[in-house]
$ cat my_file_2.cif   # mmCIF, C-alpha atoms and all ligand atoms
data_run
loop_
_atom_site.group_PDB
_atom_site.id
_atom_site.type_symbol
_atom_site.label_atom_id
_atom_site.label_comp_id
_atom_site.auth_asym_id
_atom_site.auth_seq_id
_atom_site.Cartn_x
_atom_site.Cartn_y
_atom_site.Cartn_z
ATOM 1 C CA PHE A 4 28.768 167.453 192.634
ATOM 2 C CA LEU A 5 27.411 169.822 190.009
ATOM 3 C CA TYR A 6 26.419 168.212 186.745
ATOM 4 C CA PHE A 7 27.143 169.857 183.410
ATOM 5 C CA GLY A 8 25.617 167.644 180.752
ATOM 6 C CA SER A 9 26.793 164.228 181.822
ATOM 7 C CA SER A 10 30.024 165.554 183.354
ATOM 8 C CA PRO A 11 30.282 165.718 187.121
ATOM 9 C CA LEU A 12 32.781 168.180 188.578
ATOM 10 C CA GLN A 13 33.090 169.166 192.200
ATOM 11 C CA ALA A 14 31.267 172.377 193.126
ATOM 12 C CA SER A 15 34.180 173.932 195.069
ATOM 13 C CA ILE A 16 37.149 175.635 193.396
ATOM 14 C CA LEU A 17 39.564 172.955 192.267
ATOM 15 C CA ASN A 18 43.166 173.046 193.402
ATOM 16 C CA ILE A 19 44.992 171.561 190.410
ATOM 17 C CA ALA A 20 48.622 170.740 191.189
ATOM 18 C CA HIS A 21 50.388 171.535 187.926
ATOM 19 C CA GLY A 22 52.795 168.682 187.171
ATOM 20 C CA GLY A 23 52.337 167.837 190.858
ATOM 21 C CA ALA A 24 53.861 170.256 193.379
ATOM 22 C CA SER A 25 56.262 171.335 190.644
ATOM 23 C CA GLY A 26 57.271 174.510 192.468
ATOM 24 C CA TYR A 27 59.167 172.265 194.891
ATOM 25 C CA MET A 28 60.059 169.093 192.960
ATOM 26 C CA PRO A 29 60.723 168.300 189.287
ATOM 27 C CA GLY A 30 57.339 168.310 187.530
ATOM 28 C CA ASN A 31 55.670 165.121 186.327
ATOM 29 C CA THR A 32 57.505 162.865 188.791
ATOM 30 C CA LEU A 33 56.180 160.556 191.499
ATOM 31 C CA ALA A 34 57.927 162.796 194.026
ATOM 32 C CA ALA A 35 56.034 165.893 192.786
ATOM 33 C CA PHE A 36 52.719 164.027 192.742
ATOM 34 C CA LYS A 37 53.210 162.676 196.253
ATOM 35 C CA LEU A 38 54.031 166.133 197.589
ATOM 36 C CA ALA A 39 51.024 167.643 195.778
ATOM 37 C CA ARG A 40 48.737 165.340 197.725
ATOM 38 C CA GLN A 41 50.422 166.265 200.989
ATOM 39 C CA LEU A 42 50.018 169.979 200.159
ATOM 40 C CA HIS A 43 46.252 169.644 199.581
ATOM 41 C CA GLY A 44 46.124 169.542 195.773
ATOM 42 C CA ASP A 45 42.698 168.213 194.742
ATOM 43 C CA TYR A 46 44.047 166.915 191.428
ATOM 44 C CA ILE A 47 47.500 165.882 190.325
ATOM 45 C CA GLU A 48 47.987 167.327 186.874
ATOM 46 C CA MET A 49 50.333 165.693 184.396
ATOM 47 C CA ASP A 50 51.301 165.774 180.727
ATOM 48 C CA VAL A 51 51.351 162.496 178.836
ATOM 49 C CA HIS A 52 53.187 161.384 175.693
ATOM 50 C CA MET A 53 53.423 157.969 174.029
ATOM 51 C CA THR A 54 56.614 155.901 173.633
ATOM 52 C CA LYS A 55 57.790 153.931 170.604
ATOM 53 C CA ASP A 56 56.299 150.772 172.152
ATOM 54 C CA GLY A 57 52.922 152.433 172.773
ATOM 55 C CA GLN A 58 53.223 153.175 176.507
ATOM 56 C CA LEU A 59 52.039 156.448 178.063
ATOM 57 C CA VAL A 60 54.577 158.389 180.111
ATOM 58 C CA ALA A 61 54.315 161.586 182.147
ATOM 59 C CA ILE A 62 56.698 164.261 180.899
ATOM 60 C CA HIS A 63 56.070 167.809 179.740
ATOM 61 C CA ASP A 64 57.961 168.059 176.459
ATOM 62 C CA ALA A 65 57.718 165.856 173.360
ATOM 63 C CA THR A 66 61.508 165.463 173.586
ATOM 64 C CA LEU A 67 63.758 164.191 176.362
ATOM 65 C CA ASP A 68 66.390 166.896 176.103
ATOM 66 C CA ARG A 69 65.233 169.592 178.536
ATOM 67 C CA THR A 70 64.388 167.515 181.594
ATOM 68 C CA THR A 71 66.507 164.341 181.304
ATOM 69 C CA ASN A 72 70.001 163.302 180.221
ATOM 70 C CA GLY A 73 68.522 161.723 177.076
ATOM 71 C CA THR A 74 67.957 163.269 173.659
ATOM 72 C CA GLY A 75 65.360 163.031 170.921
ATOM 73 C CA LEU A 76 61.641 162.433 170.696
ATOM 74 C CA ILE A 77 59.728 160.348 173.256
ATOM 75 C CA LYS A 78 58.081 158.494 170.401
ATOM 76 C CA GLU A 79 61.472 157.268 169.162
ATOM 77 C CA HIS A 80 62.339 155.591 172.492
ATOM 78 C CA THR A 81 60.881 152.587 174.293
ATOM 79 C CA LEU A 82 59.567 152.821 177.840
ATOM 80 C CA ALA A 83 62.530 150.761 179.107
ATOM 81 C CA GLU A 84 64.999 153.165 177.468
ATOM 82 C CA ILE A 85 63.257 156.209 178.941
ATOM 83 C CA GLN A 86 63.107 154.714 182.415
ATOM 84 C CA ARG A 87 66.896 154.327 182.445
ATOM 85 C CA LEU A 88 67.385 158.093 182.022
ATOM 86 C CA ARG A 89 68.184 160.500 184.830
ATOM 87 C CA MET A 90 66.568 163.868 185.426
ATOM 88 C CA ASP A 91 68.568 167.067 185.946
ATOM 89 C CA MET A 92 67.673 167.348 189.602
ATOM 90 C CA VAL A 93 68.627 164.190 191.455
ATOM 91 C CA CYS A 94 66.074 163.100 194.029
ATOM 92 C CA GLU A 95 64.288 159.978 195.173
ATOM 93 C CA ASN A 96 61.479 158.925 192.801
ATOM 94 C CA CYS A 97 62.598 161.445 190.182
ATOM 95 C CA ALA A 98 62.501 159.534 186.908
ATOM 96 C CA VAL A 99 60.071 159.664 183.999
ATOM 97 C CA PRO A 100 57.120 157.585 185.251
ATOM 98 C CA SER A 101 54.732 155.581 183.112
ATOM 99 C CA LEU A 102 51.092 156.568 183.532
ATOM 100 C CA ALA A 103 50.358 153.032 184.705
ATOM 101 C CA SER A 104 52.963 153.317 187.478
ATOM 102 C CA ILE A 105 51.428 156.615 188.658
ATOM 103 C CA LEU A 106 47.934 155.145 188.801
ATOM 104 C CA GLU A 107 49.242 152.055 190.606
ATOM 105 C CA ARG A 108 51.130 154.197 193.115
ATOM 106 C CA PHE A 109 48.264 156.563 194.035
ATOM 107 C CA GLY A 110 45.257 154.381 193.207
ATOM 108 C CA THR A 111 41.614 155.401 193.054
ATOM 109 C CA GLY A 112 41.927 157.512 196.215
ATOM 110 C CA ALA A 113 43.709 160.237 194.229
ATOM 111 C CA ARG A 114 42.257 162.404 191.477
ATOM 112 C CA TYR A 115 44.010 162.843 188.151
ATOM 113 C CA TYR A 116 43.997 165.697 185.648
ATOM 114 C CA ILE A 117 45.714 164.398 182.536
ATOM 115 C CA GLU A 118 46.831 166.432 179.529
ATOM 116 C CA LEU A 119 47.107 164.728 176.150
ATOM 117 C CA LYS A 120 50.156 166.580 174.893
ATOM 118 C CA SER A 121 50.344 166.911 171.094
ATOM 119 C CA PRO A 122 48.159 163.803 170.534
ATOM 120 C CA TRP A 123 48.460 164.278 166.765
ATOM 121 C CA ARG A 124 51.964 162.797 167.092
ATOM 122 C CA TYR A 125 50.594 159.575 168.557
ATOM 123 C CA PRO A 126 47.892 157.787 166.562
ATOM 124 C CA GLY A 127 45.761 155.680 168.909
ATOM 125 C CA MET A 128 46.750 157.657 172.007
ATOM 126 C CA GLU A 129 43.133 158.296 173.052
ATOM 127 C CA ARG A 130 42.179 154.604 173.060
ATOM 128 C CA LYS A 131 45.375 153.700 174.883
ATOM 129 C CA LEU A 132 44.668 156.305 177.562
ATOM 130 C CA LEU A 133 41.087 155.100 178.047
ATOM 131 C CA GLU A 134 42.339 151.513 178.298
ATOM 132 C CA VAL A 135 44.825 152.421 181.054
ATOM 133 C CA LEU A 136 42.184 154.388 182.966
ATOM 134 C CA TRP A 137 39.740 151.488 182.726
ATOM 135 C CA THR A 138 42.349 148.967 183.866
ATOM 136 C CA HIS A 139 43.022 151.079 186.968
ATOM 137 C CA GLY A 140 39.370 151.536 187.925
ATOM 138 C CA LEU A 141 39.142 155.198 186.946
ATOM 139 C CA THR A 142 36.358 154.769 184.411
ATOM 140 C CA GLY A 143 33.332 152.502 184.304
ATOM 141 C CA PRO A 144 30.360 151.982 186.612
ATOM 142 C CA GLN A 145 32.468 151.575 189.795
ATOM 143 C CA ALA A 146 34.594 154.667 189.194
ATOM 144 C CA GLN A 147 34.445 157.690 191.479
ATOM 145 C CA PRO A 148 32.725 160.619 189.638
ATOM 146 C CA GLY A 149 35.289 163.309 188.842
ATOM 147 C CA GLY A 150 38.188 160.961 189.676
ATOM 148 C CA VAL A 151 39.738 161.856 186.364
ATOM 149 C CA ILE A 152 39.624 164.933 184.137
ATOM 150 C CA LEU A 153 41.259 164.984 180.702
ATOM 151 C CA GLU A 154 42.579 168.131 179.030
ATOM 152 C CA SER A 155 44.175 169.039 175.717
ATOM 153 C CA PHE A 156 44.770 171.918 173.334
ATOM 154 C CA ASP A 157 43.731 169.476 170.605
ATOM 155 C CA ALA A 158 39.939 169.719 170.086
ATOM 156 C CA ARG A 159 39.837 166.748 167.717
ATOM 157 C CA SER A 160 41.450 164.498 170.299
ATOM 158 C CA LEU A 161 38.979 165.592 172.999
ATOM 159 C CA GLN A 162 36.059 165.034 170.631
ATOM 160 C CA THR A 163 37.319 161.502 169.949
ATOM 161 C CA ILE A 164 37.390 160.818 173.688
ATOM 162 C CA HIS A 165 33.935 162.331 174.153
ATOM 163 C CA ARG A 166 32.546 159.946 171.528
ATOM 164 C CA LEU A 167 34.218 156.943 173.170
ATOM 165 C CA GLU A 168 33.597 157.861 176.851
ATOM 166 C CA PRO A 169 31.055 160.682 177.171
ATOM 167 C CA ASP A 170 31.092 160.571 180.981
ATOM 168 C CA ILE A 171 34.685 161.748 181.420
ATOM 169 C CA PRO A 172 34.857 165.518 182.084
ATOM 170 C CA LEU A 173 36.991 167.187 179.417
ATOM 171 C CA ILE A 174 38.742 170.534 179.561
ATOM 172 C CA GLN A 175 39.585 172.283 176.314
ATOM 173 C CA LEU A 176 42.804 174.249 176.722
ATOM 174 C CA VAL A 177 42.838 177.505 174.786
ATOM 175 C CA GLY A 178 45.380 180.250 174.115
ATOM 176 C CA SER A 179 45.296 183.877 175.109
ATOM 177 C CA THR A 180 42.836 185.042 172.412
ATOM 178 C CA PRO A 181 39.373 185.281 174.010
ATOM 179 C CA ALA A 182 36.907 182.712 172.655
ATOM 180 C CA THR A 183 33.989 184.043 170.629
ATOM 181 C CA GLU A 184 30.333 183.323 171.482
ATOM 182 C CA ARG A 185 30.256 180.853 168.594
ATOM 183 C CA GLN A 186 33.368 179.049 169.850
ATOM 184 C CA LEU A 187 31.946 178.876 173.372
ATOM 185 C CA ALA A 188 28.759 177.303 172.030
ATOM 186 C CA ALA A 189 30.861 174.733 170.143
ATOM 187 C CA TYR A 190 32.917 173.875 173.249
ATOM 188 C CA GLN A 191 29.689 173.149 175.127
ATOM 189 C CA THR A 192 28.990 170.227 172.813
ATOM 190 C CA TYR A 193 31.905 168.092 174.024
ATOM 191 C CA CYS A 194 33.639 169.572 177.034
ATOM 192 C CA ALA A 195 32.858 170.470 180.634
ATOM 193 C CA GLY A 196 34.996 173.578 180.587
ATOM 194 C CA LEU A 197 37.990 175.548 179.412
ATOM 195 C CA GLY A 198 41.573 175.904 180.603
ATOM 196 C CA ILE A 199 42.700 179.476 179.970
ATOM 197 C CA PRO A 200 45.975 181.338 180.690
ATOM 198 C CA TYR A 201 45.132 183.539 183.670
ATOM 199 C CA GLN A 202 46.857 186.599 182.194
ATOM 200 C CA SER A 203 44.218 186.750 179.457
ATOM 201 C CA LEU A 204 41.234 186.686 181.834
ATOM 202 C CA SER A 205 39.008 189.559 182.929
ATOM 203 C CA GLN A 206 35.967 189.443 185.154
ATOM 204 C CA ALA A 207 33.731 189.897 182.105
ATOM 205 C CA TYR A 208 35.388 187.025 180.220
ATOM 206 C CA VAL A 209 35.080 184.718 183.235
ATOM 207 C CA GLN A 210 31.384 185.531 183.450
ATOM 208 C CA GLN A 211 30.898 185.029 179.710
ATOM 209 C CA VAL A 212 32.442 181.541 179.856
ATOM 210 C CA ARG A 213 30.453 180.604 182.966
ATOM 211 C CA LYS A 214 27.216 181.828 181.341
ATOM 212 C CA HIS A 215 27.717 179.088 178.767
ATOM 213 C CA GLY A 216 27.673 176.523 181.580
ATOM 214 C CA LEU A 217 31.399 175.883 181.129
ATOM 215 C CA GLN A 218 33.873 175.409 183.969
ATOM 216 C CA LEU A 219 36.839 177.774 183.889
ATOM 217 C CA HIS A 220 40.237 176.558 185.060
ATOM 218 C CA ALA A 221 42.953 179.235 184.975
ATOM 219 C CA PHE A 222 46.612 178.299 184.399
ATOM 220 C CA THR A 223 49.287 178.595 185.817
ATOM 221 C CA VAL A 224 48.874 180.790 188.881
ATOM 222 C CA ASN A 225 51.598 180.941 191.525
ATOM 223 C CA GLU A 226 51.057 184.220 193.370
ATOM 224 C CA LYS A 227 48.430 184.510 196.090
ATOM 225 C CA ALA A 228 47.257 187.959 194.939
ATOM 226 C CA ASP A 229 46.447 186.553 191.484
ATOM 227 C CA MET A 230 44.709 183.541 193.033
ATOM 228 C CA ARG A 231 42.502 185.808 195.193
ATOM 229 C CA ARG A 232 41.526 187.961 192.207
ATOM 230 C CA LEU A 233 40.629 184.954 190.060
ATOM 231 C CA VAL A 234 38.544 183.417 192.835
ATOM 232 C CA GLU A 235 36.699 186.708 193.180
ATOM 233 C CA TRP A 236 36.014 186.735 189.437
ATOM 234 C CA GLY A 237 34.433 183.282 189.634
ATOM 235 C CA VAL A 238 36.904 180.796 188.162
ATOM 236 C CA THR A 239 36.105 177.204 189.117
ATOM 237 C CA GLY A 240 39.642 175.821 189.227
ATOM 238 C CA ILE A 241 43.248 176.992 189.308
ATOM 239 C CA PHE A 242 46.396 175.243 188.086
ATOM 240 C CA THR A 243 49.319 176.013 190.359
ATOM 241 C CA ASP A 244 52.876 174.842 190.992
ATOM 242 C CA PHE A 245 52.239 175.629 194.681
ATOM 243 C CA PRO A 246 49.073 173.826 195.841
ATOM 244 C CA ASP A 247 49.830 174.830 199.443
ATOM 245 C CA ARG A 248 49.527 178.525 198.544
ATOM 246 C CA LEU A 249 46.197 178.001 196.797
ATOM 247 C CA TYR A 250 44.968 175.886 199.709
ATOM 248 C CA GLU A 251 45.726 178.777 202.079
ATOM 249 C CA VAL A 252 43.900 181.250 199.828
ATOM 250 C CA LEU A 253 40.858 178.979 199.589
ATOM 251 C CA GLN A 254 40.837 178.611 203.383
ATOM 252 C CA GLU A 255 40.363 182.392 203.638
ATOM 253 C CA ILE A 256 37.016 182.250 201.821
HETATM 254 O O1 LIG B 301 47.923 171.956 181.695
HETATM 255 C C1 LIG B 301 47.400 173.242 181.516
HETATM 256 C C2 LIG B 301 48.488 174.067 181.185
HETATM 257 O O2 LIG B 301 49.391 173.793 182.169
HETATM 258 C C3 LIG B 301 49.005 173.774 179.803
HETATM 259 O O3 LIG B 301 50.270 174.226 179.684
HETATM 260 O O4 LIG B 301 52.602 173.823 179.218
HETATM 261 O O5 LIG B 301 51.877 174.027 181.543
HETATM 262 O O6 LIG B 301 51.309 171.997 180.281
HETATM 263 P P1 LIG B 301 51.558 173.465 180.224
HETATM 264 CA CA CA B 302 49.848 170.563 181.429
#

$ encode --input "my_file_2.cif" --output "structure tokens"
Amino acid sequence: FLYFGSSPLQASILNIAHGGASGYMPGNTLAAFKLARQLHGDYIEMDVHMTKDGQLVAIHDATLDRTTNGTGLIKEHTLAEIQRLRMDMVCENCAVPSLASILERFGTGARYYIELKSPWRYPGMERKLLEVLWTHGLTGPQAQPGGVILESFDARSLQTIHRLEPDIPLIQLVGSTPATERQLAAYQTYCAGLGIPYQSLSQAYVQQVRKHGLQLHAFTVNEKADMRRLVEWGVTGIFTDFPDRLYEVLQEI
């Protein structure tokens, strides 16, 4: 492991299975996560929201409409109501899973990359997330270093987590506008690295971010040619819907 501040991250380039192997199965489902592990994803990435009764669930959008037969905001439904819904694509293990059920299913042998999606909608979400991680042995003295990485576009939410649990590696997600030197220096104070859309990267920008001691995880990269270029430029992780493709590219190195 390489250590950046108190945050351990593996030295090799991370294969981050975006929503699981979401190129093959509906994203954020147990089926997609299981396949991601079979296809050599290092981390299963997921998006979490909070239900009306304070439970964390893995689903991309803040509403149910696009990916299930339900409607309305996650936060206006209980976990039991959400678990009764069907997803568009019918398959085994394709329902909206609670975070707890994912961690129970894959245990401490898997590695998790969890996005706090619009945490401003869910007061107390950070503490709830840390509680679930603790309960499942993913934080604390016995936990495997780098077993969990947390990510968000919301800097305030990440800073809250950093204050509560400074040992968890955090990834600040940013948009396509390149970060300034001043912003990069600020990110260094609470996060291990940045998640950046790959289309906005250049070799110079990758080097600039890395010079600040920050990891750089590019999202979401599905073509092998793009993966090869990013690896050459020095990114330290890649989000992909096709972890098998990235695995093959990394085998070439
Ligand atoms: O999780 C990193 C990146 O994937 C954020 O965008 O919309 O794919 O969750 P999204
Ligand atoms: Ca995500």

$ residues_around --input "my_file_2.cif" --residues "Asn31 (chain A)" --least-positions-apart "5" --cutoff "9 Å" --atoms "only C-alpha atoms" --output "number ranges by chain"
A: 21-25, 36, 48-50, 61-63, 97-100

$ residues_near_ligand --input "my_file_2.cif" --ligand "ligand LIG 301 (chain B)" --cutoff "10 Å" --atoms "all atoms listed in the file" --output "PyMOL selection string"
chain A and resi 19-22+30+48-51+62-64+116-120+153-156+174-178+197-200+220-224+241-244

$ residues_around --input "my_file_2.cif" --residues "Val151 (chain A)" --least-positions-apart "5" --cutoff "7 Å" --atoms "all atoms listed in the file" --output "PyMOL selection string"
chain A and resi 114-116+141

$ atom_distance --input "my_file_2.cif" --atom1 "CA of Ala65 (chain A)" --atom2 "CA of Gly44 (chain A)"
25.5 Å

$ atom_distance --input "my_file_2.cif" --atom1 "CA of Trp236 (chain A)" --atom2 "CA of Gln41 (chain A)"
27.6 Å

$ closest_residue --input "my_file_2.cif" --among "A:Val252, A:Leu59, A:Ser121, A:Ser160" --to "ligand CA 302 (chain B)" --atoms "all atoms listed in the file"
A:Ser121

$ atom_distance --input "my_file_2.cif" --atom1 "CA of Cys194 (chain A)" --atom2 "CA of Thr239 (chain A)"
14.5 Å

$ resolve_selection --input "my_file_2.cif" --expression "the PyMOL selection byres (((chain A and resi 74) around 12) and not hetatm)" --output "list in words"
Asp64, Ala65, Thr66, Leu67, Asp68, Arg69, Thr70, Thr71, Asn72, Gly73, Gly75, Leu76, Ile77, Lys78, Glu79, His80, Glu84, Ile85, Leu88, Arg89 and Met90 of chain A

$ write_last_selection --input "my_file_2.cif" --atoms "C-alpha atoms" --output "compact mmCIF listing (two decimals), in the coordinates of the input"
# COMPACT_ATOMS: atom_id res chain seq x y z
CA ASP A 64 57.96 168.06 176.46
CA ALA A 65 57.72 165.86 173.36
CA THR A 66 61.51 165.46 173.59
CA LEU A 67 63.76 164.19 176.36
CA ASP A 68 66.39 166.90 176.10
CA ARG A 69 65.23 169.59 178.54
CA THR A 70 64.39 167.52 181.59
CA THR A 71 66.51 164.34 181.30
CA ASN A 72 70.00 163.30 180.22
CA GLY A 73 68.52 161.72 177.08
CA GLY A 75 65.36 163.03 170.92
CA LEU A 76 61.64 162.43 170.70
CA ILE A 77 59.73 160.35 173.26
CA LYS A 78 58.08 158.49 170.40
CA GLU A 79 61.47 157.27 169.16
CA HIS A 80 62.34 155.59 172.49
CA GLU A 84 65.00 153.16 177.47
CA ILE A 85 63.26 156.21 178.94
CA LEU A 88 67.39 158.09 182.02
CA ARG A 89 68.18 160.50 184.83
CA MET A 90 66.57 163.87 185.43
